[in-house]
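Notes to accompany the following structure.
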Amino acid sequence: MTNILIALVLILLIATLVQVLRVSELLSELKNQDVNEVTNKDNATQSRILLIVGTLFLGSVVWQFVNWIPLMLPPASSVHGAVIDSLMQFTMLLIIFVFFITQPLLFWYGYKYNKSKENPIAFFYPHNNKLEVIWTVVPSIVLTAVILYGLSAWDKITNADTTDSQIIELYAKQFDWTARYAGEDNTLGFSNYKLVKGPNQLGVDLTDVFAQDDVVIKEVHLAVNKPVLLKMRSRDVIHSAFLPHFRVQMNCVPGMITQFAFTPTQTTAEMKIQEGEDFEFVLLCNKICGAAHYNMQMKFVVETEEEYTAWMASQKTVNNTLTKKQ
Amino acid sequence: MSDHHKETFLNKYVFSLDHKMIAKQFLITGMLMGIIGMLMSILFRLQLSNPGESFAVLEWFLGSKWAPGGILDPNMYLSLVTMHGTILVFWVLTAGLTGTFANFLIPLQIGARDMASGFLNMLSYWFFFVATVVLLCSLFVETGPASAGWTIYPPLSALPQAIPGSGLGQDLWLVAIALFIVSSLLGGLNYIVTILNLRTKGMSMSRLPLTMWAILITAILGVLSFPVLLSAALLLIFDRSFGTSFYLSDIIIGGETLHNTGGSPVLFEHLFWFLGHPEVYIILLPSLGIVSEVMSVNSRKPIFGYKAMVGAMLAIAFLSFVVWGHHMFITGMDPFLGSVFTFTTLLIAIPSAVKVFNYLATLWKGSIRFTPAMLFTIGFVSTFLTGGLTGLILGDSALDINVHDTYFVVGHFHIVMGLSAIYGMFSGVYHWFPKMYGRMMNKKLGYLHFWVTFISAYGVFFPMHFLGLAGLPRRYYTNSAFPMFDGLSDINEIITFFAIIGGLVQLVFVFNFFYSIFKGTKASSNPWKANTLEWTTPIERIHGNWPGEIPEVYRWPYDYSKPGADEDFIMQTEPLKEGEIEH
């Protein structure tokens, strides 16, 4: 019943609108003018609206920056993250600069050059090679700087020296994460998806000597300022290991091993002081992976060297858990 | 051509060979799909701003299976996101936009009786129509429509065990897209051949309107890149149905260990984005062309730097083939390739900057007539600028690490290609409506449509950049699972509010469109006082376009406000005066 009523109301509304339009058009036909002819009066009104809406838009952009910057991610908690943050700052300033020059120009030109008594005829100006060369060359130079800066940052991030890095494997599946520490030998034991069985959820080869000291856990602990190399695997579909506070992201792809190296620079305790008691470093899945994609997470804890060593000592190795049970 | 067959209802309105009718078929199908796609986005926006709340409208549209008690099911959320993307990218902004304006404008603007092959052209529409029917059917299958994202990355899209949408829904999606590609290739080849071969006397390439250049380049891009997507889709069909391992390796799903080894999902990503990136420009270029044309006509001024505009489009088109890897910086692709793709990607900013400056120079000292079409071109320049600038962040591999797949990306591409392209499309509809239907669209409703759209579209997509900078991933059913995103609910509510307003005002456009077809005021044959050939045709639609000889062309299309002329426009058919220099 309500649906029918809603439909009736809609039909009536449309019918009214049609009649209103017809009346306005008939009236203007009587006055011998075309209702849809764009007049100088329209130009004046529309160009004014353009100026007002344009100004409001630019104002709202400023408002958004002022109000929402505090909601953004805190400064990076990793060494390479600081490099990314300064590149971001540089690019952002450049963008804001260009934005606040070109957008006002657009709205202003639209307003100023509307067809009117003062401005009845346009200036015939098909091209100016000198101008065009200038606005090709200037962006080229600026972009060269952006590209060089960006590539040097990318090189630092992807070619980081990982010889002393602690190796940790992140294993993704629908819809959770598991981590495996490489242990004292810092070498991950061999694994194969066909070995996944019972409690051996990562498919670790239990006969491999390198596997014996590996530690499988559900919450990653890291020592501050100690380099880490994450190796990623996936069991089923593509996932993406996203650690926004560390500026780390890499896809986990079934059938291949991907990696990302970083060094945390702040402990969870330090971050709690800055960002509030609720703060935690967290690993998210950032590649659509199924129904519970939105809730695929794992906690990361960064602590001092001593705390970390104590925590590690309390963990059980593969030898203690999986191998013995076999 | 004047001795063509008798017109019956069936061959006039349904199986028409007339390019003008085929254009209208594309336009109206595109509009219908646009409404469906937009409705989907409003449905999932409701869930994003009010997670877990019950909305009767959700149950009304989706039924008690996909929205039990008015609460959206997570799988259906992903299906809606996937179908919204697919419909808007392919059905509205590729077929709806190019199909409409390429078909309508090519013969009219180059001076031809019809397309090179009217029959292929008709087939192009009907393949598109069947593709549409198949895609819409997938909405009603038991396991739901495709839900692996519009980019359908395997293994998620390959394994029904991974997500219900990857069952029959995904099969239908793949069949629909294959039919769509056939349609697009038939159309594209036709556009290229027609523009190159059927230009009237005097219509040299350097006298082509920029719309024609844009459509020519778009068609070349499509013909070169769509077959790659077709092959990617075929291999995926093989993996899904015939046990091959092109994209699958080392997988355990739903407790079952699959036999597939040696395949790579990254291969699919390469194939997909080899189309996917040119596709962005397939969407954008026609709008760049339309905007150049409409802006020049309504500024009463030649487009500034015609040659630079053509050069910039060619540069963008060429570069678009060597940048696909910027969608894949963090897929595990060799970091060296990442450097190469960063370099090529950021280069695109140069021709794009040239275009923006040329548009500004076109407005400068113009005598701007504010038609609704003109307003949309100004909107286009604004969104093209805003979205282009944030591209500097996403194209830079180092910066992409932390904003990849976040709402920053969603904001960026909706502004730079979604809004820009749709503004170009609206601009084109308002501008060429009098030629399509012989009547004018209502001006006041046009103004209302533009302003509310402009404000609400920025209201939807600008705040998304901030969500992304806060680290919020896209395609999350809700962000309430992470305390770090708790502060973002206000932003989400603002976005949904503007999405609903922006969605509703499109109904004003739809109303205006259909009202004006039947009741609009009668148009004169050249209501905008424009120079190009389509405005020399009679108001009455005739198959063959010109009743007598096809007119001959003597000058470029942008002689507006030329000193020494009697009026502020000189049509292309007007011979040069004695001693007059061609621009």
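As shown in the structure tokens, the chain order sets the letters A, B, ...; within each chain, residues go from 1, and ligands are also counted from 1 in the order they appear.
Excluding Ser191 in chain A itself and same-chain residues fewer than 2 positions from it, the residues having an atom within 6 Å of it are Gly203, Val204 and Asp205 of chain A, counting only C-alpha atoms.
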How would the residues just picked look written out with N, CA, C and O atoms as a PDB file, in the first residue's frame?
```
ATOM      1  N   GLY A 203      52.242 -25.265   6.423  1.00  0.00           N
ATOM      2  CA  GLY A 203      52.890 -26.188   5.495  1.00  0.00           C
ATOM      3  C   GLY A 203      54.398 -26.211   5.647  1.00  0.00           C
ATOM      4  O   GLY A 203      55.135 -26.342   4.662  1.00  0.00           O
ATOM      5  N   VAL A 204      54.884 -26.070   6.891  1.00  0.00           N
ATOM      6  CA  VAL A 204      56.326 -26.089   7.115  1.00  0.00           C
ATOM      7  C   VAL A 204      56.837 -27.523   6.956  1.00  0.00           C
ATOM      8  O   VAL A 204      56.187 -28.476   7.402  1.00  0.00           O
ATOM      9  N   ASP A 205      57.997 -27.671   6.308  1.00  0.00           N
ATOM     10  CA  ASP A 205      58.610 -28.991   6.165  1.00  0.00           C
ATOM     11  C   ASP A 205      59.288 -29.337   7.485  1.00  0.00           C
ATOM     12  O   ASP A 205      60.344 -28.820   7.827  1.00  0.00           O
TER      13      ASP A 205
END
```
Practice problem: With a distance cut-off of 9 Å and only C-alpha atoms, select the neighbouring residues of Tyr306 in chain B, excluding the residue or stretch itself and same-chain residues fewer than 6 positions from it, and output the selection as a list in words. | Solution: Pro126 and His127 of chain A; Ser206, Leu210, Asn358 and Tyr558 of chain B
Exercise. Can you work out the spacing between CA of Phe462 in chain B and CA of Gly411 in chain B in Å, to one decimal?
Key: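 Going from CA of Phe462 in chain B over to CA of Gly411 in chain B, I get 6.2 Å.
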Exercise. Write out as a ChimeraX atom specification which residues come within 8 Å of Gly487 in chain B when counting only C-alpha atoms, dropping same-chain ones fewer than 3 positions away.
Key: /A:71 /B:484,490
Quiz item: Looking at B:Met212, B:Gly428, B:Gly63, B:His84, which one is nearest to Ile35 in chain B, with distances taken over only C-alpha atoms?
Solution: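 Residue with the minimum atom-to-atom distance to Ile35 in chain B: B:His84.
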Practice problem: Between B:Lys20, B:Arg113, B:Arg475, B:His259, single out the one closest to chain A, counting only C-alpha atoms. | Solution: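 With only C-alpha atoms as the atom set, the closest residue is B:Arg475.
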